[in-house]
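So this block is data34.cif, mmCIF, C-alpha atoms:
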data_work
#
loop_
_atom_site.label_atom_id
_atom_site.label_comp_id
_atom_site.auth_asym_id
_atom_site.auth_seq_id
_atom_site.Cartn_x
_atom_site.Cartn_y
_atom_site.Cartn_z
CA MET A 1497 -68.05 -22.83 -39.95
CA ILE A 1498 -67.81 -20.45 -37.02
CA ILE A 1499 -65.89 -21.56 -33.92
CA SER A 1500 -66.07 -19.35 -30.83
CA VAL A 1501 -63.33 -19.63 -28.25
CA ALA A 1502 -64.83 -18.59 -24.93
CA SER A 1503 -64.37 -19.13 -21.21
CA GLY A 1504 -66.04 -18.07 -18.03
CA LYS A 1505 -62.90 -17.01 -16.25
CA GLY A 1506 -60.51 -14.51 -17.81
CA GLY A 1507 -56.89 -15.36 -18.42
CA THR A 1508 -57.44 -19.06 -19.10
CA GLY A 1509 -55.97 -18.97 -22.62
CA LYS A 1510 -58.68 -17.97 -25.09
CA THR A 1511 -56.36 -15.80 -27.14
CA LEU A 1512 -53.58 -18.41 -27.02
CA VAL A 1513 -55.95 -21.00 -28.47
CA ALA A 1514 -57.77 -18.70 -30.91
CA THR A 1515 -54.71 -17.06 -32.48
CA ASN A 1516 -52.80 -20.32 -32.86
CA LEU A 1517 -55.82 -22.08 -34.35
CA ALA A 1518 -56.45 -19.23 -36.80
CA SER A 1519 -52.86 -19.34 -37.98
CA ILE A 1520 -52.78 -23.08 -38.79
CA VAL A 1521 -56.05 -23.08 -40.75
CA ASP A 1522 -55.50 -21.91 -44.30
CA ASP A 1523 -57.83 -19.14 -45.52
CA SER A 1524 -59.37 -18.65 -42.05
CA ILE A 1525 -60.91 -15.55 -40.51
CA TYR A 1526 -59.79 -14.53 -37.03
CA VAL A 1527 -62.19 -12.22 -35.19
CA ASP A 1528 -61.19 -10.52 -31.94
CA CYS A 1529 -64.50 -9.90 -30.15
CA ASP A 1530 -62.82 -9.07 -26.84
CA VAL A 1531 -63.47 -5.45 -27.75
CA GLU A 1532 -62.72 -4.04 -24.30
CA GLU A 1533 -59.15 -5.25 -24.47
CA PRO A 1534 -58.40 -6.73 -27.90
CA ASN A 1535 -54.94 -8.29 -28.11
CA GLY A 1536 -55.07 -10.86 -30.95
CA HIS A 1537 -53.19 -8.43 -33.20
CA LEU A 1538 -50.14 -8.71 -30.93
CA PHE A 1539 -49.74 -12.36 -31.99
CA LEU A 1540 -51.06 -12.40 -35.58
CA LYS A 1541 -49.45 -9.06 -36.53
CA PRO A 1542 -52.00 -8.28 -39.26
CA ALA A 1543 -51.82 -5.54 -41.84
CA ILE A 1544 -54.92 -3.42 -41.20
CA ASP A 1545 -56.46 -1.83 -44.25
CA LYS A 1546 -59.82 -0.65 -42.97
CA LYS A 1547 -60.81 1.08 -39.77
CA GLU A 1548 -64.52 1.88 -39.51
CA PRO A 1549 -66.35 3.73 -36.71
CA VAL A 1550 -69.25 2.07 -34.88
CA ALA A 1551 -72.07 4.27 -33.67
CA ILE A 1552 -75.30 3.74 -31.75
CA PRO A 1553 -78.34 5.98 -32.25
CA VAL A 1554 -79.06 8.17 -29.23
CA PRO A 1555 -82.00 10.58 -28.92
CA ILE A 1556 -81.78 14.36 -29.05
CA VAL A 1557 -84.66 16.55 -27.95
CA ASP A 1558 -86.26 19.10 -30.25
CA LYS A 1559 -87.10 21.66 -27.56
CA THR A 1560 -89.63 23.43 -29.77
CA LYS A 1561 -91.74 20.27 -29.98
CA CYS A 1562 -91.20 18.57 -26.59
CA ALA A 1563 -94.28 18.81 -24.34
CA HIS A 1564 -92.52 17.15 -21.35
CA CYS A 1565 -95.18 14.45 -21.25
CA GLY A 1566 -92.70 11.92 -19.86
CA LYS A 1567 -93.53 9.12 -22.31
CA CYS A 1568 -89.87 8.74 -23.34
CA ALA A 1569 -88.66 8.31 -19.74
CA GLU A 1570 -91.50 5.86 -19.10
CA VAL A 1571 -90.61 3.57 -22.03
CA CYS A 1572 -86.82 3.71 -21.55
CA GLN A 1573 -85.70 0.38 -20.05
CA PHE A 1574 -82.26 1.76 -19.18
CA ASN A 1575 -83.24 4.84 -17.15
CA ALA A 1576 -81.39 6.99 -19.69
CA ILE A 1577 -84.00 9.76 -19.75
CA ILE A 1578 -85.30 11.97 -16.95
CA SER A 1579 -88.43 13.90 -17.74
CA GLY A 1580 -88.85 16.96 -15.54
CA LYS A 1581 -91.64 19.53 -15.52
CA ASP A 1582 -89.92 21.76 -18.05
CA LYS A 1583 -86.92 19.70 -19.09
CA THR A 1584 -86.14 16.38 -20.75
CA ILE A 1585 -82.64 15.19 -19.89
CA ILE A 1586 -80.82 12.51 -21.92
CA PHE A 1587 -78.00 10.41 -20.45
CA GLU A 1588 -76.17 9.24 -23.54
CA LYS A 1589 -73.92 6.75 -21.76
CA LEU A 1590 -76.89 4.94 -20.25
CA CYS A 1591 -78.63 4.76 -23.65
CA HIS A 1592 -78.52 1.37 -25.41
CA GLY A 1593 -79.74 2.84 -28.70
CA CYS A 1594 -82.97 0.79 -28.81
CA GLY A 1595 -84.98 3.68 -30.27
CA SER A 1596 -88.11 3.11 -28.12
CA CYS A 1597 -88.23 6.75 -26.97
CA VAL A 1598 -88.12 8.05 -30.55
CA TYR A 1599 -90.79 5.57 -31.62
CA PHE A 1600 -93.20 6.36 -28.79
CA CYS A 1601 -92.81 10.16 -28.54
CA PRO A 1602 -96.32 11.55 -29.24
CA GLN A 1603 -94.91 14.93 -30.31
CA GLU A 1604 -92.22 13.45 -32.57
CA ALA A 1605 -89.85 15.63 -30.59
CA LEU A 1606 -86.99 13.10 -30.44
CA LEU A 1607 -84.51 12.60 -33.25
CA LYS A 1608 -81.84 9.94 -33.58
CA LYS A 1609 -78.25 11.09 -33.52
CA PRO A 1610 -75.37 8.67 -34.09
CA ARG A 1611 -72.89 8.48 -31.22
CA ILE A 1612 -69.55 6.83 -31.97
CA ILE A 1613 -68.55 4.32 -29.27
CA GLY A 1614 -65.67 2.51 -30.99
CA PHE A 1615 -64.45 1.05 -34.26
CA THR A 1616 -63.72 -2.15 -36.13
CA ASN A 1617 -60.52 -3.11 -37.96
CA THR A 1618 -60.28 -5.33 -41.00
CA GLY A 1619 -57.01 -6.60 -42.43
CA SER A 1620 -55.03 -9.71 -43.22
CA PHE A 1621 -52.20 -11.93 -42.02
CA GLY A 1622 -50.73 -14.36 -44.53
CA ASN A 1623 -53.58 -15.93 -46.41
CA ASN A 1624 -56.05 -15.20 -43.65
CA ILE A 1625 -58.40 -12.38 -42.74
CA PHE A 1626 -58.23 -10.43 -39.50
CA ILE A 1627 -61.17 -8.61 -37.93
CA SER A 1628 -61.21 -6.91 -34.56
CA GLY A 1629 -63.32 -4.48 -32.59
CA ASN A 1630 -62.26 -1.69 -30.24
CA LEU A 1631 -64.56 -0.15 -27.68
CA ASN A 1632 -63.51 3.41 -26.89
CA ILE A 1633 -62.12 3.98 -23.39
CA GLY A 1634 -64.82 4.93 -20.90
CA GLU A 1635 -67.64 3.45 -22.96
CA PRO A 1636 -69.71 0.85 -21.13
CA MET A 1637 -71.36 -1.08 -23.97
CA ALA A 1638 -69.49 -3.74 -25.94
CA PRO A 1639 -72.28 -5.60 -27.83
CA PRO A 1640 -72.80 -3.04 -30.65
CA ILE A 1641 -69.10 -3.34 -31.58
CA ILE A 1642 -69.26 -7.15 -31.44
CA LYS A 1643 -72.38 -7.12 -33.63
CA GLN A 1644 -70.52 -5.02 -36.19
CA CYS A 1645 -67.59 -7.49 -36.17
CA LEU A 1646 -70.07 -10.30 -36.87
CA LYS A 1647 -71.62 -8.30 -39.71
CA ASN A 1648 -68.15 -7.83 -41.16
CA ILE A 1649 -67.70 -11.63 -41.19
CA LYS A 1650 -70.96 -11.97 -43.14
CA LYS A 1651 -69.77 -9.37 -45.65
CA ILE A 1652 -66.52 -11.23 -46.28
CA ASP A 1653 -67.89 -14.77 -46.07
CA PRO A 1654 -71.65 -14.61 -46.82
CA GLU A 1655 -72.00 -18.37 -47.43
CA ASN A 1656 -70.19 -19.39 -44.21
CA GLN A 1657 -67.61 -21.37 -46.18
CA LYS A 1658 -64.45 -20.30 -44.40
CA ILE A 1659 -63.33 -21.38 -40.96
CA VAL A 1660 -64.00 -18.43 -38.66
CA ILE A 1661 -62.34 -18.33 -35.23
CA ILE A 1662 -63.96 -15.91 -32.80
CA ASP A 1663 -61.91 -14.84 -29.80
CA SER A 1664 -64.68 -14.13 -27.28
CA PRO A 1665 -64.58 -11.79 -24.30
CA PRO A 1666 -64.40 -13.44 -20.85
CA GLY A 1667 -67.38 -13.75 -18.54
CA THR A 1668 -70.93 -14.85 -19.18
CA SER A 1669 -72.70 -11.53 -19.68
CA CYS A 1670 -74.02 -9.78 -22.82
CA PRO A 1671 -70.66 -9.41 -24.67
CA MET A 1672 -69.84 -13.12 -24.29
CA ILE A 1673 -73.34 -14.19 -25.33
CA GLU A 1674 -73.24 -11.90 -28.36
CA SER A 1675 -69.98 -13.47 -29.50
CA VAL A 1676 -71.22 -17.09 -29.24
CA ARG A 1677 -74.86 -16.87 -30.32
CA GLN A 1678 -74.20 -17.09 -34.07
CA THR A 1679 -71.54 -19.74 -33.77
CA ASP A 1680 -71.49 -23.39 -34.86
CA PHE A 1681 -69.22 -24.72 -32.12
CA VAL A 1682 -68.04 -23.27 -28.81
CA VAL A 1683 -64.60 -24.07 -27.42
CA LEU A 1684 -64.47 -23.36 -23.68
CA VAL A 1685 -60.97 -22.84 -22.36
CA THR A 1686 -60.57 -23.43 -18.65
CA GLU A 1687 -57.84 -24.03 -16.10
CA PRO A 1688 -57.72 -26.67 -13.36
CA THR A 1689 -58.35 -24.36 -10.41
CA PRO A 1690 -61.51 -23.85 -8.30
CA PHE A 1691 -62.08 -20.52 -10.11
CA GLY A 1692 -61.59 -22.17 -13.48
CA LEU A 1693 -64.17 -24.84 -12.66
CA HIS A 1694 -66.63 -22.39 -11.12
CA ASP A 1695 -66.61 -20.07 -14.13
CA LEU A 1696 -66.63 -22.98 -16.58
CA GLN A 1697 -69.87 -24.13 -14.96
CA LEU A 1698 -71.37 -20.66 -15.48
CA ALA A 1699 -70.24 -20.64 -19.11
CA ILE A 1700 -71.72 -24.09 -19.74
CA GLU A 1701 -75.04 -22.97 -18.23
CA VAL A 1702 -75.09 -20.18 -20.84
CA ILE A 1703 -74.15 -22.52 -23.70
CA GLU A 1704 -76.88 -24.95 -22.63
CA GLN A 1705 -79.42 -22.14 -22.78
CA ILE A 1706 -78.48 -21.16 -26.32
CA LYS A 1707 -78.12 -24.83 -27.34
CA LYS A 1708 -74.72 -24.89 -29.02
CA PRO A 1709 -72.36 -27.86 -29.26
CA CYS A 1710 -69.26 -27.31 -27.18
CA GLY A 1711 -66.03 -28.85 -25.98
CA VAL A 1712 -63.55 -28.02 -23.25
CA ILE A 1713 -59.82 -27.36 -23.37
CA ILE A 1714 -57.95 -27.63 -20.07
CA ASN A 1715 -55.09 -25.16 -20.23
CA LYS A 1716 -52.25 -25.11 -17.68
CA SER A 1717 -53.15 -28.75 -17.24
CA GLY A 1718 -51.66 -30.63 -14.32
CA PHE A 1719 -52.80 -29.13 -11.01
CA ASP A 1720 -56.20 -30.61 -10.40
CA ASN A 1721 -57.71 -31.83 -13.63
CA LYS A 1722 -59.93 -34.30 -11.78
CA SER A 1723 -62.61 -31.81 -10.77
CA ILE A 1724 -62.89 -30.47 -14.33
CA LEU A 1725 -62.92 -33.96 -15.83
CA LYS A 1726 -65.55 -35.12 -13.36
CA TYR A 1727 -67.81 -32.16 -14.14
CA CYS A 1728 -67.44 -32.51 -17.92
CA ASN A 1729 -68.09 -36.23 -17.67
CA GLN A 1730 -71.31 -35.61 -15.72
CA LYS A 1731 -72.42 -33.08 -18.31
CA ASN A 1732 -71.29 -35.29 -21.20
CA ILE A 1733 -69.09 -32.55 -22.60
CA PRO A 1734 -66.00 -33.69 -24.53
CA ILE A 1735 -62.49 -32.67 -23.49
CA LEU A 1736 -60.86 -31.48 -26.71
CA ALA A 1737 -57.33 -31.20 -25.37
CA GLU A 1738 -55.13 -30.54 -22.42
CA ILE A 1739 -52.46 -27.88 -22.83
CA PRO A 1740 -49.63 -28.58 -20.39
CA HIS A 1741 -48.65 -26.13 -17.68
CA ASP A 1742 -45.40 -25.39 -19.43
CA MET A 1743 -43.17 -22.39 -18.69
CA GLU A 1744 -42.01 -22.32 -22.30
CA ILE A 1745 -45.53 -21.70 -23.60
CA GLY A 1746 -45.76 -18.80 -21.18
CA LYS A 1747 -42.47 -17.38 -22.42
CA ILE A 1748 -43.46 -17.61 -26.09
CA TYR A 1749 -46.82 -16.01 -25.36
CA ALA A 1750 -45.26 -13.21 -23.31
CA LYS A 1751 -43.06 -12.35 -26.28
CA GLY A 1752 -46.16 -11.94 -28.44
CA GLU A 1753 -45.39 -15.01 -30.54
CA LEU A 1754 -47.40 -18.02 -31.68
CA ILE A 1755 -46.63 -21.41 -30.15
CA VAL A 1756 -47.30 -23.16 -33.49
CA ASN A 1757 -44.05 -21.66 -34.75
CA ASN A 1758 -42.31 -23.98 -32.30
CA LEU A 1759 -42.24 -27.56 -33.66
CA LYS A 1760 -42.87 -28.94 -30.19
CA TYR A 1761 -46.39 -27.48 -30.06
CA GLN A 1762 -47.54 -27.76 -33.67
CA ASP A 1763 -49.25 -31.10 -33.19
CA LEU A 1764 -50.97 -29.87 -30.05
CA ILE A 1765 -52.75 -27.11 -31.98
CA LYS A 1766 -53.46 -29.34 -35.00
CA ASN A 1767 -54.99 -31.93 -32.68
CA ILE A 1768 -57.19 -29.29 -31.10
CA TYR A 1769 -58.45 -28.28 -34.52
CA GLU A 1770 -59.13 -31.89 -35.50
CA ALA A 1771 -60.90 -32.55 -32.22
CA ILE A 1772 -63.18 -29.56 -32.81
CA ILE A 1773 -64.08 -30.72 -36.32
CA TYR A 1774 -64.60 -34.29 -35.08
CA GLN A 1775 -66.91 -33.24 -32.26
CA TYR A 1776 -68.78 -30.82 -34.52
CA ASN A 1777 -69.44 -33.49 -37.15
CA LYS A 1778 -70.45 -35.97 -34.45
CA LYS A 1779 -73.11 -33.58 -33.13
CA GLU A 1780 -74.45 -33.10 -36.66
CA ILE A 1781 -75.26 -36.81 -36.98
CA MET B 149 -91.58 22.94 0.97
CA LYS B 150 -90.90 19.22 0.68
CA ILE B 151 -87.60 17.36 0.98
CA ALA B 152 -86.64 13.73 0.33
CA ILE B 153 -84.36 11.65 2.58
CA THR B 154 -83.05 8.21 1.67
CA SER B 155 -84.03 5.77 4.38
CA THR B 156 -83.42 2.16 5.35
CA GLU B 157 -86.92 1.83 6.85
CA LYS B 158 -90.29 3.54 6.81
CA THR B 159 -90.39 5.76 9.92
CA LEU B 160 -88.71 8.94 11.14
CA ASN B 161 -86.73 6.82 13.62
CA SER B 162 -85.16 4.85 10.76
CA GLN B 163 -81.54 5.27 9.83
CA LEU B 164 -80.39 7.11 6.73
CA ASP B 165 -79.64 4.85 3.73
CA PRO B 166 -76.27 6.18 2.51
CA ARG B 167 -76.93 5.26 -1.14
CA PHE B 168 -79.04 7.63 -3.22
CA GLY B 169 -79.89 5.59 -6.33
CA ARG B 170 -80.06 2.23 -4.59
CA CYS B 171 -81.62 3.18 -1.25
CA GLN B 172 -84.51 1.14 0.21
CA TYR B 173 -87.00 3.99 0.70
CA PHE B 174 -87.46 7.71 0.24
CA ILE B 175 -89.08 9.62 3.08
CA ILE B 176 -90.84 12.65 1.57
CA TYR B 177 -91.11 15.19 4.37
CA ASN B 178 -93.19 18.37 4.35
CA LEU B 179 -91.34 21.03 6.35
CA GLU B 180 -94.43 23.22 6.81
CA THR B 181 -96.95 20.62 7.94
CA ASN B 182 -94.44 18.08 9.37
CA ASP B 183 -96.30 15.34 7.49
CA PHE B 184 -94.37 12.67 5.73
CA GLU B 185 -94.90 9.75 3.42
CA CYS B 186 -92.61 6.85 2.61
CA ILE B 187 -92.13 5.62 -0.94
CA ASP B 188 -90.52 2.40 -2.11
CA ASN B 189 -87.46 2.81 -4.28
CA ILE B 190 -88.68 0.56 -7.07
CA ASN B 191 -85.45 0.98 -9.03
CA LYS B 192 -83.00 -0.03 -6.32
CA ASP B 193 -82.01 -3.21 -8.18
CA ALA B 194 -81.86 -1.66 -11.67
CA VAL B 195 -79.02 -2.99 -13.82
CA GLY B 196 -77.98 0.55 -14.65
CA GLY B 197 -79.34 4.05 -14.23
CA ALA B 198 -80.61 3.60 -10.67
CA GLY B 199 -79.51 7.18 -9.96
CA THR B 200 -81.39 8.75 -12.86
CA ALA B 201 -84.47 6.64 -12.09
CA ALA B 202 -84.39 7.75 -8.44
CA ALA B 203 -84.07 11.41 -9.51
CA GLN B 204 -87.07 10.95 -11.80
CA LEU B 205 -89.06 9.32 -9.00
CA ILE B 206 -88.47 11.98 -6.34
CA SER B 207 -88.95 14.85 -8.81
CA SER B 208 -92.53 13.65 -9.30
CA TYR B 209 -93.12 14.46 -5.60
CA ASN B 210 -92.06 18.10 -6.14
CA VAL B 211 -89.24 18.06 -3.59
CA SER B 212 -86.84 21.01 -3.46
CA ALA B 213 -83.99 19.11 -1.82
CA VAL B 214 -82.77 15.58 -1.20
CA ILE B 215 -80.54 14.26 1.60
CA SER B 216 -78.48 11.09 1.28
CA GLY B 217 -74.98 9.81 2.02
CA ASN B 218 -73.54 9.51 -1.46
CA PHE B 219 -74.63 10.56 -4.93
CA GLY B 220 -73.30 9.12 -8.21
CA PRO B 221 -72.41 11.19 -11.29
CA ASN B 222 -75.63 10.63 -13.25
CA ALA B 223 -77.78 11.35 -10.22
CA VAL B 224 -75.92 14.61 -9.58
CA MET B 225 -76.27 15.74 -13.18
CA GLY B 226 -79.97 14.87 -13.25
CA LEU B 227 -80.87 16.41 -9.89
CA GLN B 228 -78.95 19.59 -10.74
CA GLN B 229 -80.85 20.03 -13.98
CA LEU B 230 -84.13 19.33 -12.22
CA GLY B 231 -83.25 22.07 -9.72
CA ILE B 232 -83.27 19.74 -6.72
CA LYS B 233 -80.58 20.58 -4.17
CA MET B 234 -78.46 17.76 -2.77
CA TYR B 235 -77.18 17.45 0.78
CA SER B 236 -74.88 14.86 2.27
CA SER B 237 -75.31 13.56 5.80
CA ASN B 238 -73.63 10.98 8.00
CA THR B 239 -75.69 7.99 9.03
CA ASN B 240 -78.19 9.14 11.62
CA SER B 241 -81.92 8.91 12.29
CA ILE B 242 -84.19 10.57 9.74
CA GLN B 243 -85.64 12.85 12.45
CA SER B 244 -82.23 14.18 13.53
CA ILE B 245 -81.23 14.67 9.88
CA ILE B 246 -84.36 16.79 9.36
CA ASP B 247 -83.38 18.83 12.44
CA ASP B 248 -79.86 19.24 11.01
CA TYR B 249 -81.35 20.40 7.73
CA ARG B 250 -83.49 23.03 9.48
CA LYS B 251 -80.42 24.28 11.34
CA GLU B 252 -78.53 24.39 8.03
CA ASN B 253 -75.96 21.96 9.39
CA LEU B 254 -75.78 19.78 6.27
CA LYS B 255 -73.25 20.05 3.49
CA GLU B 256 -74.62 20.94 0.07
CA ILE B 257 -73.20 18.88 -2.79
CA SER B 258 -72.51 19.88 -6.37
CA ASP B 259 -70.25 17.01 -7.50
CA ALA B 260 -70.62 13.24 -7.39
CA THR B 261 -69.36 11.74 -4.12
CA VAL B 262 -68.92 8.20 -5.52
CA PRO B 263 -68.19 6.84 -9.01
CA GLY B 264 -71.01 5.34 -11.08
CA LYS B 265 -71.78 1.67 -10.64
CA HIS B 266 -72.90 -0.75 -13.27
CA ARG B 267 -74.56 -3.95 -12.10
#
Please re-express this file's structure in structure tokens.
Amino acid sequence: MIISVASGKGGTGKTLVATNLASIVDDSIYVDCDVEEPNGHLFLKPAIDKKEPVAIPVPIVDKTKCAHCGKCAEVCQFNAIISGKDKTIIFEKLCHGCGSCVYFCPQEALLKKPRIIGFTNTGSFGNNIFISGNLNIGEPMAPPIIKQCLKNIKKIDPENQKIVIIDSPPGTSCPMIESVRQTDFVVLVTEPTPFGLHDLQLAIEVIEQIKKPCGVIINKSGFDNKSILKYCNQKNIPILAEIPHDMEIGKIYAKGELIVNNLKYQDLIKNIYEAIIYQYNKKEI
Amino acid sequence: MKIAITSTEKTLNSQLDPRFGRCQYFIIYNLETNDFECIDNINKDAVGGAGTAAAQLISSYNVSAVISGNFGPNAVMGLQQLGIKMYSSNTNSIQSIIDDYRKENLKEISDATVPGKHR
């Protein structure tokens, strides 16, 4: 079973929830898909045994064959090619690696060249498996790295028998969608502020589009839960848990430690896990 | 010789549009005949690569130079390789910018004046 921990707004507590959940489930897989700023390793302190590069295919021009017909620039959806009278110019950082230009070139003058944009890590912590992705600094495209992380899950757990916890990137754009589209249940972490509610609404609109069961965790609970509760009630979305606005949780987190190691919070995390499983099974029936 | 100027509207009295890749219109002006035509910037709302798309678009009109307010890094690289000169101007009417160009009062650009933007 794959559980994605996502949010609209950043800084609501995705990593807090995901790392603590992954550490209480025996034989789980934790996957840090927040590849632009992965930080799950700070809390789970895994031993990494494999670091593999991720590349996307970008075109290179064979100048002896190119007739400057402009077909490649015409088919490119990302404006990554300019075709001049006597020159074909490739903008590698705009290229999404779709391969259309290579496919459509009438002269077969374009070749695919791999361009490394980041890497994935695989390792372990305790009895559990750790996977994370890193997008290289200055690179704009996160989804290829996330896709590779998801492939790595499949390699390790082809039958989907383990509990996989995906720590999603914030927002509601391509990287977030990539990290929730293959999931069985989405946990949306929010906070009781106008921003928290606003971005939760955006995230739920995405989840509705891709038709996944989901539940909401209100972190830093206590300010103004009413607006979140009212919205979730209208949408018929279950509240999985409320994590109190507690200075101690902040202190533990800031030290790079897990709150489950503190007896006071163990039940909180266990209850979140049980609530996820309960809601997931309920949706199945 | 033809030049392109980024414009907010369709006439020579219009004001300069200070964005190259995401301008509203390009005025293509013929310096010999004083004729001009106005073309829509169809890529102004592109998610990414508006600068390269704009360079591609104006190059198909065989212009030797382009005048705008700011140029991003991809646009500068593309226009340079296409051999199209870039000039920066303050906001002003298209007609007075053309006069400035004739008097060689405009600053030629070889580096990006603004960072790239991703939508």
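For the structure shown here, the set of residues caught by the PyMOL selection byres ((chain B) within 8 of (chain A)) is Val195, Gly196, Gly197, Ala198, Thr200, Ala201, Ala203, Gln204, Ser207, Ser208, Asn222, Gly226, Gln229 and Leu230 of chain B.
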Suppose we keep C-alpha atoms; can you now write the selection as a PDB file, in the frame of the given file?
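What follows is the written file out-v8.pdb:
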ATOM      1  CA  VAL B 195     -79.020  -2.990 -13.820  1.00  0.00           C
ATOM      2  CA  GLY B 196     -77.980   0.550 -14.650  1.00  0.00           C
ATOM      3  CA  GLY B 197     -79.340   4.050 -14.230  1.00  0.00           C
ATOM      4  CA  ALA B 198     -80.610   3.600 -10.670  1.00  0.00           C
ATOM      5  CA  THR B 200     -81.390   8.750 -12.860  1.00  0.00           C
ATOM      6  CA  ALA B 201     -84.470   6.640 -12.090  1.00  0.00           C
ATOM      7  CA  ALA B 203     -84.070  11.410  -9.510  1.00  0.00           C
ATOM      8  CA  GLN B 204     -87.070  10.950 -11.800  1.00  0.00           C
ATOM      9  CA  SER B 207     -88.950  14.850  -8.810  1.00  0.00           C
ATOM     10  CA  SER B 208     -92.530  13.650  -9.300  1.00  0.00           C
ATOM     11  CA  ASN B 222     -75.630  10.630 -13.250  1.00  0.00           C
ATOM     12  CA  GLY B 226     -79.970  14.870 -13.250  1.00  0.00           C
ATOM     13  CA  GLN B 229     -80.850  20.030 -13.980  1.00  0.00           C
ATOM     14  CA  LEU B 230     -84.130  19.330 -12.220  1.00  0.00           C
TER      15      LEU B 230
END
Report task. Excluding range 209-221 of chain B and residues on its chain fewer than 5 positions from it, collect all residues at most 6 Å away from it, counting only C-alpha atoms, and give them as a PyMOL selection string. Result -> chain B and resi 150-154+166-168+232-237+260-264
Query raised in the report: With distances taken over all atoms listed in the file, which of A:Ile1641, A:His1741, A:Cys1601, A:Val1712 is nearest to Cys1670 in chain A?
Result: A:Ile1641
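Minimum atom-to-atom distance to Leu160 in chain B, evaluated using all atoms listed in the file, belongs to B:Ser244 out of B:Ser258, B:Ser244, B:Thr181, B:Thr239.
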Requested in this report: Have a look at A:Val1683, A:Ala1699, A:Ile1724, A:Cys1562 and name the one nearest to Tyr1776 in chain A; count all atoms listed in the file.
Outcome: A:Val1683
**Report entry** Distance query Lys1726 in chain A at most 12 Å, only C-alpha atoms, self and fewer than 5 positions along chain excluded, as JSON, numbers by chain
**Finding:** {"A": [1688, 1693, 1697, 1720, 1721, 1731, 1732, 1733, 1734, 1735]}
Selection above as a file: C-alpha atoms, as a PDB file, in the coordinates of the input:
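Output (out_2.pdb):
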ATOM      1  CA  PRO A1688     -57.720 -26.670 -13.360  1.00  0.00           C
ATOM      2  CA  LEU A1693     -64.170 -24.840 -12.660  1.00  0.00           C
ATOM      3  CA  GLN A1697     -69.870 -24.130 -14.960  1.00  0.00           C
ATOM      4  CA  ASP A1720     -56.200 -30.610 -10.400  1.00  0.00           C
ATOM      5  CA  ASN A1721     -57.710 -31.830 -13.630  1.00  0.00           C
ATOM      6  CA  LYS A1731     -72.420 -33.080 -18.310  1.00  0.00           C
ATOM      7  CA  ASN A1732     -71.290 -35.290 -21.200  1.00  0.00           C
ATOM      8  CA  ILE A1733     -69.090 -32.550 -22.600  1.00  0.00           C
ATOM      9  CA  PRO A1734     -66.000 -33.690 -24.530  1.00  0.00           C
ATOM     10  CA  ILE A1735     -62.490 -32.670 -23.490  1.00  0.00           C
TER      11      ILE A1735
END
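Proximity to range 1759-1773 of chain A at 9 Å, evaluated using only C-alpha atoms and with sequence-adjacent residues fewer than 2 positions away removed, yields Ile1499, Val1513, Asn1516, Leu1517, Ile1520, Val1521, Phe1681, Val1682, Val1683, Cys1710, Gly1711, Ile1713, Ile1735, Leu1736, Ala1737, Glu1738, Ile1739, Ile1745, Ile1755, Val1756, Asn1757, Gln1775, Tyr1776, Asn1777 and Lys1778 of chain A.
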Query raised in the report: Counting all atoms listed in the file, which residues come within 7 Å of (-65.6, -15.1, -13.1), with the point read in the file's coordinates, and could you list them as a ChimeraX atom specification?
Result: /A:1504-1506,1667,1695
Requested in this report: List the neighbours of Glu1548 in chain A out to 9 Å using only C-alpha atoms; skip same-chain residues closer than 4 positions along the sequence, and give me the result as a VMD selection string.
Outcome: chain A and resid 1614 to 1618
Selected residues, C-alpha atoms, written as a compact mmCIF listing (two decimals), keeping the file's coordinate frame, please.
# COMPACT_ATOMS: atom_id res chain seq x y z
CA GLY A 1614 -65.67 2.51 -30.99
CA PHE A 1615 -64.45 1.05 -34.26
CA THR A 1616 -63.72 -2.15 -36.13
CA ASN A 1617 -60.52 -3.11 -37.96
CA THR A 1618 -60.28 -5.33 -41.00
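Here the PyMOL selection byres ((chain B and resi 180) around 12) matches the residues Met149, Lys150, Ile151, Tyr177, Asn178, Leu179, Thr181, Asn182, Asp183, Phe184 and Arg250 of chain B.
If you measure from each of B:Ala202, B:Ile257, B:Ala223, B:Ile242 to Lys158 in chain B using only C-alpha atoms, the closest one turns out to be B:Ile242.
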Query raised in the report: What gap, in Å, lies between CA of Lys1541 in chain A and CA of Gly1752 in chain A?
Result: 9.2 Å
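Here CA of Ile1525 in chain A stands at a distance of 22.0 Å from CA of Asn1758 in chain A.
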**Report entry** Test item: residues at most 10 Å from Gln172 in chain B, all atoms listed in the file, excluding those fewer than 2 positions along its chain, as number ranges by chain
**Finding:** B: 154-158, 164-170, 174, 187-193
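What separates CA of Asp1523 in chain A from CA of Asn1656 in chain A is a distance of 12.4 Å.
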Using the chain letters and numbers from this file, what does the PyMOL selection byres ((chain A and resi 1529) around 8) select? Give the answer as an mmCIF file with C-alpha atoms, in the coordinates of the input.
data_model
loop_
_atom_site.group_PDB
_atom_site.id
_atom_site.type_symbol
_atom_site.label_atom_id
_atom_site.label_comp_id
_atom_site.auth_asym_id
_atom_site.auth_seq_id
_atom_site.Cartn_x
_atom_site.Cartn_y
_atom_site.Cartn_z
ATOM 1 C CA VAL A 1527 -62.190 -12.220 -35.190
ATOM 2 C CA ASP A 1528 -61.190 -10.520 -31.940
ATOM 3 C CA ASP A 1530 -62.820 -9.070 -26.840
ATOM 4 C CA VAL A 1531 -63.470 -5.450 -27.750
ATOM 5 C CA PRO A 1534 -58.400 -6.730 -27.900
ATOM 6 C CA SER A 1628 -61.210 -6.910 -34.560
ATOM 7 C CA GLY A 1629 -63.320 -4.480 -32.590
ATOM 8 C CA ILE A 1642 -69.260 -7.150 -31.440
ATOM 9 C CA CYS A 1645 -67.590 -7.490 -36.170
ATOM 10 C CA ILE A 1662 -63.960 -15.910 -32.800
ATOM 11 C CA ASP A 1663 -61.910 -14.840 -29.800
ATOM 12 C CA SER A 1664 -64.680 -14.130 -27.280
ATOM 13 C CA PRO A 1665 -64.580 -11.790 -24.300
ATOM 14 C CA SER A 1675 -69.980 -13.470 -29.500
#
